[in-house]
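Before any comments, here is the structure.
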Amino acid sequence: MSDPLSLPFTEARRQLSARDYVGASLRAIGQHNTKLNAFIHIAGEGAGAPLSVPIAIKDNIVTRDMPTTCGSRILAKFVSPFEATAVSRLRAAGWSIVGKTNLDEFAMGSSTEHSAFGPVRNPWDTARVAGGSSGGSAAAVAARMVPAALGSETGGSVRQPAAFCGVVGLKPTYGRVSRSGLVAFASGLDQIGIMTKTVRECAELLGVIGGHDPLDSTSSAQPVDDYGADVDSGVKGLRFGVVSEAVEKLEGEVRTNFDAALEILRRGGAVVERASVPTIGYAIAIYYIVANAEASANLARFDGVRFGHRSARGKTLRDLYFDSRGEGFGEEVKRRIMLGTFSLSSGYYEAYYGRAQAVRARLRADFDAAFQRFDYLLTPTTPEVAFPIGAKTDDPLSMYLSDIFTAPANLVGIPALAVPSGFSREGLPLSLQIMAPHFAERGLFRAAAFFEKETNYWRRAPKL
Amino acid sequence: MKITRDEARRIADLAHLEFDDAALERMAAEMTKILTYIDQLREVDDAGKIAGAPLRETPMRDDEVKPGVSRDDVARNAPAWRDGYFIVPKVIGE
């Protein structure tokens, strides 16, 4: 029998007992994690009887049986008193949590180099980043340590590492998956996302974790669909719009690969035409005001008083706040808190936060107009392949531009899927991004499953 | 948008963050670079004339007591705790 971890879980679970499947996963983690640093915590022997399929959880999603660090010194020893709804739903459906994965601190980053626990290495080339902020989850799935992992999205943090690691990555519609238990970064953008090798697995998992939650007042009452129902329906007659403003300046391998992907869709009978989202070029600027503003508010709770790191220095309450935060937060987190505080401060609020929200409304109107003409909108997931570790850490702005194609979907709340679309000449993964209107995940899976069936890139695994 | 060192200090104070002089200088420079990129949002005219995303009312529930988080679990994460209180340095007096 072939290695069960190379199979989709939909097949592997029929071939193995839960004990054997989880055992295989833990062995693979033991074998590869030292090199890749994908996991911060790994479930121990006494973790309870394995239930069925092993899954990894990004370490900004709270669990009761393992710590939740958010990749930060400030929460290095924190054990949550409650569990995330998405995790409870997985357990109730029989999934076994095998570990918590590494991430950029508080989900702020695009490379997982900003973790207090060290960077995650890309399984396809360990001198390169795995992407971020859900780099650990992406690497864990790509390296076949687990068949699936949860990540989180605020500006592309599931899709971008999925692209860099050659796996499927879904950002659901805002409100589709409960945020209860997802440590908040930007409450109006955050969503738990899913990473798997194949599209069908991703569709099944969305059905498990999605749905209204009374504990999250932003969760949607929209009924949970049968997300995998159309995976064999093909793309004949479906209308795909290529976002011209995103694609027109692209060159090189990413461009060639993207154009080849469009041909595959056309051969399946899809209509593939030019679409326009005129304000899409402003998405990063909008994102880095709105997300950081919300983050500055959400991270105010980390003050050394009730949980997390408390500084031993200082005498006054003021010292306690300043020193605990100073010692506990990394550079990137501090930078984003500063930007956010600035844009909400008196004298600048209208010009920065107010203006960003206004342009965001424009962006949403542009997307609405494009979806009048098309069922889907397409871009590459990222403008480049995985970059070398250290290449962008001195230039925060260049790191932010990694999210140029992913951030728009978070800003307007629509679902988006990254699906493997090939490999560069150097053997690094490339990825196609498909976007759809709100709550149209079933259609996303339909289109992506067709593309996956025609290309089968998921069958190629990194050599570890 | 240029962020001066004084401006950075003011923002750091609001954010309950402290930086030494060198770090503050670095932070001011990085913020300036990022905010200069963000300033392109000024190009979008009439931005304010488009309605935002449809607003939803915050859903309410009946005021019923429901299970919460256990005190023992909270105490376990507390840096300093006595008799159900979080202990912090004295605020009043001196």
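The way I read the labels, and the way they are meant: chains A, B, ... in the order of the structure tokens, residue 1 as the first residue of every chain, and ligand 1 as the first ligand shown, with later ones counted on from there.
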
Shell around Leu35 in chain B at 9 Å using only C-alpha atoms, local window under 3 positions removed, as a ChimeraX atom specification
/A:285,289,339 /B:1-3,30-32,38-39

Write the selection just made, keeping C-alpha atoms, as a short mmCIF file (atom, residue, chain, number, x, y, z; two decimals), in the first residue's frame?
```
data_model
loop_
_atom_site.label_atom_id
_atom_site.label_comp_id
_atom_site.auth_asym_id
_atom_site.auth_seq_id
_atom_site.Cartn_x
_atom_site.Cartn_y
_atom_site.Cartn_z
CA ALA A 285 -2.89 50.66 0.65
CA ILE A 289 -4.63 51.08 6.98
CA LEU A 339 0.63 52.34 11.89
CA MET B 1 3.44 61.59 4.93
CA LYS B 2 6.59 62.15 6.95
CA ILE B 3 6.67 60.81 10.50
CA GLU B 30 9.71 52.80 8.12
CA MET B 31 6.35 54.40 8.87
CA THR B 32 7.20 57.29 6.58
CA ILE B 38 -0.51 54.62 1.25
CA ASP B 39 -0.86 58.30 0.30
#
```

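For Gly193 in chain A, the set of protein, DNA and RNA residues having any atom at most 7 Å away, when counting only C-alpha atoms and skipping those fewer than 5 positions along the same chain, is Leu150, Gly151, Ser152, Glu153, Val158, Leu170, Lys171 and Pro172 of chain A.
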
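Using only C-alpha atoms, the smallest distance between any of B:Leu41, B:Ile34, B:Leu24, B:Val74 and Ala8 in chain B comes from B:Leu24.
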
Output the contact residues of chain A with respect to chain B at a cut-off of 8 Å, based on only C-alpha atoms, as number ranges by chain.
A: 78-82, 217, 282, 285-286, 288-289, 296, 300, 304-310, 315-317, 320-323, 325-326, 334-335, 337-339, 341-342, 355-362, 364-365, 396-397

Residues of the last selection are to be written out with N, CA and C atoms, as a CSV table (one decimal), in the first residue's frame.
```csv
chain,number,residue,atom,x,y,z
A,78,PHE,N,0.6,30.4,27.1
A,78,PHE,CA,-0.9,30.6,27.3
A,78,PHE,C,-1.6,29.3,26.9
A,79,VAL,N,-2.5,28.9,27.8
A,79,VAL,CA,-3.4,27.7,27.5
A,79,VAL,C,-4.8,28.2,27.6
A,80,SER,N,-5.5,28.2,26.5
A,80,SER,CA,-6.8,28.9,26.4
A,80,SER,C,-7.8,28.1,27.3
A,81,PRO,N,-8.7,28.9,28.0
A,81,PRO,CA,-9.7,28.3,28.8
A,81,PRO,C,-10.9,27.9,28.0
A,82,PHE,N,-10.9,28.2,26.7
A,82,PHE,CA,-12.0,27.7,25.8
A,82,PHE,C,-11.4,27.3,24.5
A,217,SER,N,-21.1,37.0,16.5
A,217,SER,CA,-22.2,37.7,15.9
A,217,SER,C,-22.0,38.2,14.5
A,282,TYR,N,-5.3,49.7,-5.4
A,282,TYR,CA,-5.3,50.4,-4.1
A,282,TYR,C,-5.5,49.4,-3.0
A,285,ALA,N,-2.9,49.4,-0.1
A,285,ALA,CA,-2.9,50.7,0.6
A,285,ALA,C,-4.1,50.7,1.6
A,286,ILE,N,-5.3,50.3,1.1
A,286,ILE,CA,-6.5,50.2,1.9
A,286,ILE,C,-6.2,49.2,3.1
A,288,TYR,N,-3.5,48.0,4.4
A,288,TYR,CA,-2.5,48.3,5.5
A,288,TYR,C,-3.0,49.4,6.4
A,289,ILE,N,-4.0,50.1,6.0
A,289,ILE,CA,-4.6,51.1,7.0
A,289,ILE,C,-5.7,50.4,7.8
A,296,SER,N,-4.5,47.4,16.0
A,296,SER,CA,-4.0,48.2,17.1
A,296,SER,C,-5.0,48.1,18.3
A,300,ALA,N,-4.6,45.6,22.0
A,300,ALA,CA,-4.5,46.4,23.3
A,300,ALA,C,-4.7,45.5,24.5
A,304,GLY,N,-0.2,42.3,29.9
A,304,GLY,CA,0.5,41.8,31.1
A,304,GLY,C,-0.4,41.6,32.3
A,305,VAL,N,-1.6,42.0,32.2
A,305,VAL,CA,-2.5,42.1,33.4
A,305,VAL,C,-3.1,40.7,33.7
A,306,ARG,N,-3.9,40.2,32.7
A,306,ARG,CA,-4.7,39.0,33.0
A,306,ARG,C,-4.2,37.7,32.5
A,307,PHE,N,-3.3,37.8,31.4
A,307,PHE,CA,-2.8,36.6,30.8
A,307,PHE,C,-1.5,37.0,30.0
A,308,GLY,N,-0.7,36.0,29.7
A,308,GLY,CA,0.4,36.3,28.9
A,308,GLY,C,1.6,36.8,29.7
A,309,HIS,N,2.6,37.2,28.9
A,309,HIS,CA,3.9,37.7,29.6
A,309,HIS,C,3.6,38.9,30.4
A,310,ARG,N,4.2,38.9,31.6
A,310,ARG,CA,4.2,40.1,32.4
A,310,ARG,C,5.7,40.4,32.7
A,315,LYS,N,8.0,49.5,38.1
A,315,LYS,CA,7.3,49.6,39.4
A,315,LYS,C,5.9,50.0,39.3
A,316,THR,N,5.5,50.7,38.2
A,316,THR,CA,4.2,51.3,38.2
A,316,THR,C,3.3,50.4,37.2
A,317,LEU,N,2.0,50.7,37.2
A,317,LEU,CA,1.1,50.0,36.3
A,317,LEU,C,1.5,50.4,34.8
A,320,LEU,N,4.3,48.4,33.8
A,320,LEU,CA,3.8,47.0,33.5
A,320,LEU,C,3.3,46.9,32.1
A,321,TYR,N,2.5,47.8,31.7
A,321,TYR,CA,1.9,47.8,30.3
A,321,TYR,C,3.0,47.9,29.3
A,322,PHE,N,3.8,49.0,29.4
A,322,PHE,CA,4.8,49.3,28.4
A,322,PHE,C,5.9,48.2,28.3
A,323,ASP,N,6.4,47.7,29.5
A,323,ASP,CA,7.5,46.8,29.5
A,323,ASP,C,7.0,45.4,29.0
A,325,ARG,N,4.5,44.7,27.0
A,325,ARG,CA,4.3,44.8,25.5
A,325,ARG,C,5.6,44.9,24.8
A,326,GLY,N,6.5,45.7,25.3
A,326,GLY,CA,7.8,45.9,24.7
A,326,GLY,C,8.6,44.6,24.7
A,334,LYS,N,4.9,45.4,16.4
A,334,LYS,CA,5.0,46.8,16.9
A,334,LYS,C,4.8,47.8,15.8
A,335,ARG,N,5.3,47.5,14.6
A,335,ARG,CA,5.2,48.4,13.5
A,335,ARG,C,3.8,48.5,13.1
A,337,ILE,N,1.1,47.9,14.9
A,337,ILE,CA,0.3,48.6,16.0
A,337,ILE,C,0.6,50.1,15.8
A,338,MET,N,1.8,50.5,15.6
A,338,MET,CA,2.1,52.0,15.4
A,338,MET,C,1.3,52.5,14.2
A,339,LEU,N,1.3,51.8,13.1
A,339,LEU,CA,0.6,52.3,11.9
A,339,LEU,C,-0.9,52.5,12.2
A,341,THR,N,-2.4,52.7,15.1
A,341,THR,CA,-2.6,53.8,16.1
A,341,THR,C,-2.6,55.2,15.5
A,342,PHE,N,-1.6,55.3,14.6
A,342,PHE,CA,-1.5,56.6,13.8
A,342,PHE,C,-2.7,56.9,13.1
A,355,ARG,N,-10.6,57.7,4.7
A,355,ARG,CA,-10.3,57.6,3.3
A,355,ARG,C,-10.2,56.2,2.8
A,356,ALA,N,-9.5,55.4,3.6
A,356,ALA,CA,-9.3,54.0,3.2
A,356,ALA,C,-10.6,53.3,3.1
A,357,GLN,N,-11.5,53.5,4.1
A,357,GLN,CA,-12.8,52.9,4.1
A,357,GLN,C,-13.7,53.4,2.9
A,358,ALA,N,-13.5,54.6,2.5
A,358,ALA,CA,-14.2,55.1,1.3
A,358,ALA,C,-13.7,54.5,0.0
A,359,VAL,N,-12.4,54.3,-0.1
A,359,VAL,CA,-11.9,53.7,-1.3
A,359,VAL,C,-12.3,52.2,-1.3
A,360,ARG,N,-12.4,51.6,-0.1
A,360,ARG,CA,-12.8,50.2,0.0
A,360,ARG,C,-14.2,50.0,-0.5
A,361,ALA,N,-15.1,51.0,-0.2
A,361,ALA,CA,-16.4,50.9,-0.7
A,361,ALA,C,-16.4,51.0,-2.2
A,362,ARG,N,-15.6,51.8,-2.8
A,362,ARG,CA,-15.4,51.8,-4.3
A,362,ARG,C,-14.9,50.5,-4.8
A,364,ARG,N,-15.4,47.6,-3.5
A,364,ARG,CA,-16.5,46.6,-3.5
A,364,ARG,C,-17.5,46.9,-4.6
A,365,ALA,N,-17.8,48.1,-4.9
A,365,ALA,CA,-18.6,48.4,-6.1
A,365,ALA,C,-18.0,47.9,-7.4
A,396,PRO,N,9.9,46.1,4.8
A,396,PRO,CA,8.5,45.8,5.1
A,396,PRO,C,7.5,46.0,3.9
A,397,LEU,N,7.7,47.1,3.2
A,397,LEU,CA,6.8,47.4,2.2
A,397,LEU,C,6.8,46.4,1.1
```

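Omitting Asp226 in chain A and its sequence neighbours fewer than 3 positions away, and counting only C-alpha atoms, the residues within 9 Å are Ala203, Glu204, Gly207, Ala229, Asp230 and Arg442 of chain A.
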
Let's have the selection written as a CSV table (one decimal), in the first residue's frame, with N, CA and C atoms.
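Ended up saving to selection-v6.csv:
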```
chain,number,residue,atom,x,y,z
A,203,ALA,N,-13.5,21.0,0.2
A,203,ALA,CA,-14.9,21.2,0.2
A,203,ALA,C,-15.6,20.5,1.3
A,204,GLU,N,-15.1,19.3,1.6
A,204,GLU,CA,-15.7,18.5,2.7
A,204,GLU,C,-15.4,19.2,4.1
A,207,GLY,N,-17.7,22.1,4.9
A,207,GLY,CA,-19.0,21.7,5.4
A,207,GLY,C,-18.9,21.3,6.9
A,229,ALA,N,-20.8,19.2,-4.1
A,229,ALA,CA,-21.8,18.6,-5.0
A,229,ALA,C,-21.4,18.8,-6.5
A,230,ASP,N,-20.8,19.8,-6.9
A,230,ASP,CA,-20.5,20.1,-8.3
A,230,ASP,C,-19.1,19.9,-8.8
A,442,ARG,N,-19.4,26.8,-3.4
A,442,ARG,CA,-19.7,25.6,-4.2
A,442,ARG,C,-19.2,25.7,-5.6
```

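Separating CA of Leu444 in chain A from CA of Gly156 in chain A is a distance of 16.6 Å.
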
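For the atom pair formed by CA of Gly427 in chain A and CA of Thr381 in chain A, the distance is 17.1 Å, given to one decimal.
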
Taking 3 positions as the minimum chain separation for residues in the same chain, which residues sit within 10 Å of His212 in chain A when counting only C-alpha atoms? Answer as a PyMOL selection string.
chain A and resi 175-178+209+215-224

Just the selected residues (all heavy atoms), exported as a compact mmCIF listing (two decimals), in the first residue's frame, please.
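Result written to out-v6.txt:
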```txt
# COMPACT_ATOMS: atom_id res chain seq x y z
N GLY A 175 -17.69 35.60 7.35
CA GLY A 175 -18.89 35.20 8.06
C GLY A 175 -19.29 33.75 7.83
O GLY A 175 -20.19 33.23 8.49
N ARG A 176 -18.63 33.05 6.90
CA ARG A 176 -18.97 31.67 6.61
C ARG A 176 -18.51 30.73 7.72
O ARG A 176 -19.16 29.72 8.00
CB ARG A 176 -18.33 31.23 5.27
CG ARG A 176 -18.51 29.75 4.91
CD ARG A 176 -19.95 29.38 4.58
NE ARG A 176 -20.86 29.54 5.70
CZ ARG A 176 -22.17 29.41 5.63
NH1 ARG A 176 -22.73 29.11 4.47
NH2 ARG A 176 -22.94 29.58 6.69
N VAL A 177 -17.35 31.04 8.32
CA VAL A 177 -16.80 30.21 9.39
C VAL A 177 -16.70 31.07 10.65
O VAL A 177 -16.24 32.21 10.59
CB VAL A 177 -15.40 29.66 9.02
CG1 VAL A 177 -14.82 28.81 10.15
CG2 VAL A 177 -15.47 28.85 7.73
N SER A 178 -17.13 30.53 11.77
CA SER A 178 -17.10 31.27 13.02
C SER A 178 -15.69 31.72 13.37
O SER A 178 -14.72 30.97 13.23
CB SER A 178 -17.62 30.37 14.15
OG SER A 178 -17.37 30.97 15.41
N ILE A 209 -16.70 22.76 9.25
CA ILE A 209 -16.45 23.89 10.16
C ILE A 209 -17.35 25.09 9.91
O ILE A 209 -17.49 25.96 10.78
CB ILE A 209 -14.97 24.35 10.13
CG1 ILE A 209 -14.57 24.91 8.76
CG2 ILE A 209 -14.05 23.22 10.56
CD1 ILE A 209 -13.17 25.56 8.77
N LEU A 215 -21.90 32.25 19.10
CA LEU A 215 -20.77 32.89 19.78
C LEU A 215 -20.05 33.91 18.90
O LEU A 215 -19.15 34.60 19.37
CB LEU A 215 -19.76 31.83 20.25
CG LEU A 215 -20.27 30.87 21.33
CD1 LEU A 215 -19.21 29.82 21.63
CD2 LEU A 215 -20.66 31.62 22.60
N ASP A 216 -20.40 33.98 17.61
CA ASP A 216 -19.78 34.95 16.71
C ASP A 216 -20.89 35.72 16.02
O ASP A 216 -21.52 35.21 15.09
CB ASP A 216 -18.88 34.23 15.69
CG ASP A 216 -18.33 35.18 14.62
OD1 ASP A 216 -18.54 36.41 14.72
OD2 ASP A 216 -17.69 34.68 13.67
N SER A 217 -21.11 36.95 16.45
CA SER A 217 -22.24 37.70 15.90
C SER A 217 -21.99 38.15 14.47
O SER A 217 -22.88 38.67 13.82
CB SER A 217 -22.57 38.91 16.78
OG SER A 217 -21.49 39.82 16.77
N THR A 218 -20.77 37.95 13.96
CA THR A 218 -20.53 38.26 12.54
C THR A 218 -20.67 37.01 11.67
O THR A 218 -20.48 37.09 10.45
CB THR A 218 -19.13 38.87 12.32
OG1 THR A 218 -18.13 37.90 12.66
CG2 THR A 218 -18.94 40.12 13.15
N SER A 219 -20.99 35.87 12.28
CA SER A 219 -21.14 34.65 11.48
C SER A 219 -22.49 34.69 10.77
O SER A 219 -23.46 35.26 11.28
CB SER A 219 -20.99 33.39 12.33
OG SER A 219 -22.07 33.21 13.21
N SER A 220 -22.52 34.10 9.59
CA SER A 220 -23.69 34.22 8.74
C SER A 220 -24.70 33.12 9.00
O SER A 220 -24.35 31.98 9.27
CB SER A 220 -23.25 34.15 7.27
OG SER A 220 -24.36 34.08 6.43
N ALA A 221 -25.99 33.50 8.85
CA ALA A 221 -27.07 32.52 8.98
C ALA A 221 -27.32 31.79 7.66
O ALA A 221 -28.16 30.89 7.59
CB ALA A 221 -28.34 33.23 9.43
N GLN A 222 -26.57 32.16 6.64
CA GLN A 222 -26.69 31.48 5.34
C GLN A 222 -26.47 29.99 5.56
O GLN A 222 -25.48 29.59 6.15
CB GLN A 222 -25.59 32.04 4.43
CG GLN A 222 -25.62 31.59 3.01
CD GLN A 222 -26.42 32.53 2.11
OE1 GLN A 222 -27.21 32.13 1.42
NE2 GLN A 222 -26.23 33.76 2.11
N PRO A 223 -27.39 29.13 5.07
CA PRO A 223 -27.23 27.70 5.34
C PRO A 223 -25.95 27.14 4.72
O PRO A 223 -25.49 27.61 3.68
CB PRO A 223 -28.46 27.06 4.67
CG PRO A 223 -29.23 28.14 4.05
CD PRO A 223 -28.59 29.46 4.31
N VAL A 224 -25.40 26.13 5.38
CA VAL A 224 -24.20 25.45 4.88
C VAL A 224 -24.60 24.60 3.68
O VAL A 224 -25.54 23.83 3.74
CB VAL A 224 -23.58 24.57 5.99
CG1 VAL A 224 -22.43 23.74 5.45
CG2 VAL A 224 -23.12 25.44 7.15
```

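The interatomic distance for the pair CA of Tyr353 in chain A and CA of Pro408 in chain A works out to 16.7 Å.
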
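Each of A:Pro147, A:Gly443, A:Pro214, A:Gly166 was compared to Trp458 in chain A using only C-alpha atoms, and A:Gly166 turns out to be the nearest.
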
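By only C-alpha atoms, and with residues fewer than 2 positions from Gly169 in chain A along its chain excluded, the set lying at most 8 Å from it is A:Val158, A:Arg159, A:Ala162, A:Ala163, A:Val167, A:Lys171, A:Gly193, A:Ile194, A:Met195, A:Thr196, A:Cys202, A:Leu417, A:Ala418, A:Val419.
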
Keeping only all heavy atoms, write those residues as a compact mmCIF listing (two decimals), in the first residue's frame.
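Below you can see result-v1.txt, which holds the result:
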```
# COMPACT_ATOMS: atom_id res chain seq x y z
N VAL A 158 -3.77 32.45 4.02
CA VAL A 158 -3.92 31.03 3.69
C VAL A 158 -3.53 30.84 2.22
O VAL A 158 -2.76 29.95 1.87
CB VAL A 158 -5.36 30.54 3.95
CG1 VAL A 158 -5.66 29.22 3.24
CG2 VAL A 158 -5.59 30.37 5.45
N ARG A 159 -4.05 31.69 1.35
CA ARG A 159 -3.82 31.50 -0.09
C ARG A 159 -2.35 31.70 -0.48
O ARG A 159 -1.81 30.95 -1.31
CB ARG A 159 -4.70 32.45 -0.89
CG ARG A 159 -6.18 32.08 -0.84
CD ARG A 159 -7.04 33.25 -1.30
NE ARG A 159 -7.06 34.29 -0.29
CZ ARG A 159 -7.28 35.58 -0.54
NH1 ARG A 159 -7.51 35.99 -1.77
NH2 ARG A 159 -7.28 36.46 0.44
N ALA A 162 -0.28 28.79 0.65
CA ALA A 162 -0.74 27.65 -0.17
C ALA A 162 -0.07 27.71 -1.54
O ALA A 162 0.39 26.70 -2.08
CB ALA A 162 -2.26 27.66 -0.31
N ALA A 163 -0.01 28.90 -2.12
CA ALA A 163 0.62 29.09 -3.43
C ALA A 163 2.11 28.75 -3.36
O ALA A 163 2.64 28.03 -4.21
CB ALA A 163 0.45 30.53 -3.90
N VAL A 167 -0.15 23.83 -2.46
CA VAL A 167 -1.35 23.15 -1.97
C VAL A 167 -2.58 24.01 -2.23
O VAL A 167 -2.47 25.16 -2.64
CB VAL A 167 -1.23 22.81 -0.45
CG1 VAL A 167 -0.07 21.85 -0.21
CG2 VAL A 167 -1.09 24.06 0.39
N LYS A 171 -9.94 30.79 1.26
CA LYS A 171 -10.46 31.81 2.15
C LYS A 171 -11.98 31.80 1.97
O LYS A 171 -12.48 32.13 0.90
CB LYS A 171 -9.93 33.21 1.82
CG LYS A 171 -10.51 34.26 2.78
CD LYS A 171 -10.45 35.66 2.25
CE LYS A 171 -11.71 36.17 1.62
NZ LYS A 171 -12.86 36.25 2.52
N GLY A 193 -9.30 29.65 7.48
CA GLY A 193 -9.23 29.06 6.14
C GLY A 193 -8.75 27.63 6.21
O GLY A 193 -8.37 27.13 7.28
N ILE A 194 -8.78 26.96 5.06
CA ILE A 194 -8.50 25.52 5.00
C ILE A 194 -7.42 25.24 3.97
O ILE A 194 -7.44 25.81 2.87
CB ILE A 194 -9.79 24.75 4.60
CG1 ILE A 194 -10.91 25.00 5.61
CG2 ILE A 194 -9.50 23.26 4.48
CD1 ILE A 194 -12.27 24.57 5.11
N MET A 195 -6.50 24.33 4.32
CA MET A 195 -5.47 23.91 3.37
C MET A 195 -5.45 22.40 3.25
O MET A 195 -5.48 21.70 4.26
CB MET A 195 -4.11 24.41 3.86
CG MET A 195 -4.10 25.92 3.94
SD MET A 195 -2.76 26.56 4.89
CE MET A 195 -1.82 27.24 3.60
N THR A 196 -5.42 21.92 2.01
CA THR A 196 -5.44 20.48 1.73
C THR A 196 -4.63 20.24 0.46
O THR A 196 -4.23 21.19 -0.21
CB THR A 196 -6.88 19.98 1.46
OG1 THR A 196 -7.47 20.82 0.45
CG2 THR A 196 -7.76 20.03 2.70
N CYS A 202 -10.95 19.90 0.61
CA CYS A 202 -11.22 21.25 1.10
C CYS A 202 -12.73 21.49 1.20
O CYS A 202 -13.23 22.03 2.18
CB CYS A 202 -10.57 22.25 0.16
SG CYS A 202 -10.53 23.93 0.78
N LEU A 417 -10.07 30.97 -3.75
CA LEU A 417 -9.37 29.69 -3.64
C LEU A 417 -8.07 29.76 -4.43
O LEU A 417 -8.06 30.23 -5.56
CB LEU A 417 -10.27 28.59 -4.22
CG LEU A 417 -9.81 27.15 -4.04
CD1 LEU A 417 -10.08 26.68 -2.63
CD2 LEU A 417 -10.54 26.24 -5.01
N ALA A 418 -7.00 29.27 -3.82
CA ALA A 418 -5.73 29.12 -4.52
C ALA A 418 -5.57 27.65 -4.88
O ALA A 418 -5.70 26.78 -4.01
CB ALA A 418 -4.57 29.56 -3.63
N VAL A 419 -5.30 27.37 -6.15
CA VAL A 419 -5.14 25.97 -6.57
C VAL A 419 -3.80 25.84 -7.31
O VAL A 419 -3.44 26.71 -8.11
CB VAL A 419 -6.36 25.52 -7.43
CG1 VAL A 419 -6.52 26.36 -8.67
CG2 VAL A 419 -6.29 24.05 -7.76
```

Looking only at alpha helix (DSSP H) from DSSP on the backbone, list the matching residues of range 43-229 of chain A as a PyMOL selection string.
chain A and resi 85-92+135-142+159-165+199-209

How would the residues just picked look written out with N, CA and C atoms as a compact mmCIF listing (two decimals), in the first residue's frame?
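File written: out_16.txt
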```txt
# COMPACT_ATOMS: atom_id res chain seq x y z
N THR A 85 -14.66 27.37 18.04
CA THR A 85 -15.82 26.64 17.49
C THR A 85 -15.40 25.74 16.33
N ALA A 86 -14.54 26.22 15.46
CA ALA A 86 -14.11 25.40 14.31
C ALA A 86 -13.43 24.13 14.79
N VAL A 87 -12.65 24.25 15.87
CA VAL A 87 -11.95 23.07 16.41
C VAL A 87 -12.97 22.12 17.05
N SER A 88 -13.92 22.64 17.80
CA SER A 88 -14.95 21.79 18.41
C SER A 88 -15.73 21.04 17.34
N ARG A 89 -16.03 21.72 16.26
CA ARG A 89 -16.78 21.07 15.18
C ARG A 89 -15.95 19.97 14.54
N LEU A 90 -14.65 20.19 14.38
CA LEU A 90 -13.79 19.13 13.84
C LEU A 90 -13.78 17.93 14.78
N ARG A 91 -13.60 18.18 16.06
CA ARG A 91 -13.56 17.05 17.02
C ARG A 91 -14.88 16.29 17.00
N ALA A 92 -15.99 17.03 16.97
CA ALA A 92 -17.30 16.37 16.96
C ALA A 92 -17.49 15.51 15.72
N GLY A 135 2.26 29.84 7.32
CA GLY A 135 3.33 29.06 6.69
C GLY A 135 3.45 27.66 7.25
N GLY A 136 3.26 27.51 8.57
CA GLY A 136 3.38 26.19 9.19
C GLY A 136 2.32 25.23 8.66
N SER A 137 1.09 25.71 8.56
CA SER A 137 0.00 24.87 8.04
C SER A 137 0.27 24.46 6.60
N ALA A 138 0.73 25.40 5.79
CA ALA A 138 0.99 25.10 4.38
C ALA A 138 2.11 24.08 4.25
N ALA A 139 3.19 24.28 5.00
CA ALA A 139 4.32 23.35 4.93
C ALA A 139 3.91 21.97 5.43
N ALA A 140 3.09 21.92 6.48
CA ALA A 140 2.67 20.63 7.05
C ALA A 140 1.89 19.81 6.03
N VAL A 141 1.03 20.46 5.25
CA VAL A 141 0.25 19.75 4.24
C VAL A 141 1.14 19.40 3.04
N ALA A 142 1.96 20.36 2.59
CA ALA A 142 2.81 20.12 1.42
C ALA A 142 3.81 18.99 1.68
N ARG A 159 -4.05 31.69 1.35
CA ARG A 159 -3.82 31.50 -0.09
C ARG A 159 -2.35 31.70 -0.48
N GLN A 160 -1.69 32.70 0.09
CA GLN A 160 -0.31 32.96 -0.33
C GLN A 160 0.62 31.82 0.08
N PRO A 161 0.61 31.36 1.35
CA PRO A 161 1.45 30.20 1.67
C PRO A 161 1.02 28.93 0.92
N ALA A 162 -0.28 28.79 0.65
CA ALA A 162 -0.74 27.65 -0.17
C ALA A 162 -0.07 27.71 -1.54
N ALA A 163 -0.01 28.90 -2.12
CA ALA A 163 0.62 29.09 -3.43
C ALA A 163 2.11 28.75 -3.36
N PHE A 164 2.80 29.25 -2.35
CA PHE A 164 4.24 29.03 -2.22
C PHE A 164 4.56 27.56 -1.96
N CYS A 165 3.64 26.83 -1.34
CA CYS A 165 3.89 25.44 -0.98
C CYS A 165 3.18 24.44 -1.88
N VAL A 199 -8.92 19.61 -3.94
CA VAL A 199 -10.11 20.44 -3.85
C VAL A 199 -11.24 19.73 -3.10
N ARG A 200 -11.45 18.47 -3.38
CA ARG A 200 -12.55 17.73 -2.74
C ARG A 200 -12.41 17.71 -1.21
N GLU A 201 -11.19 17.52 -0.75
CA GLU A 201 -10.96 17.49 0.70
C GLU A 201 -11.31 18.84 1.32
N CYS A 202 -10.95 19.90 0.61
CA CYS A 202 -11.22 21.25 1.10
C CYS A 202 -12.73 21.49 1.20
N ALA A 203 -13.45 21.03 0.19
CA ALA A 203 -14.91 21.20 0.18
C ALA A 203 -15.56 20.47 1.35
N GLU A 204 -15.08 19.26 1.62
CA GLU A 204 -15.65 18.50 2.73
C GLU A 204 -15.41 19.23 4.06
N LEU A 205 -14.21 19.73 4.24
CA LEU A 205 -13.88 20.40 5.51
C LEU A 205 -14.69 21.67 5.72
N LEU A 206 -14.97 22.39 4.64
CA LEU A 206 -15.78 23.61 4.80
C LEU A 206 -17.16 23.24 5.33
N GLY A 207 -17.69 22.12 4.88
CA GLY A 207 -18.98 21.66 5.38
C GLY A 207 -18.93 21.32 6.86
N VAL A 208 -17.76 20.91 7.35
CA VAL A 208 -17.63 20.56 8.78
C VAL A 208 -17.54 21.80 9.65
N ILE A 209 -16.70 22.76 9.25
CA ILE A 209 -16.45 23.89 10.16
C ILE A 209 -17.35 25.09 9.91
```
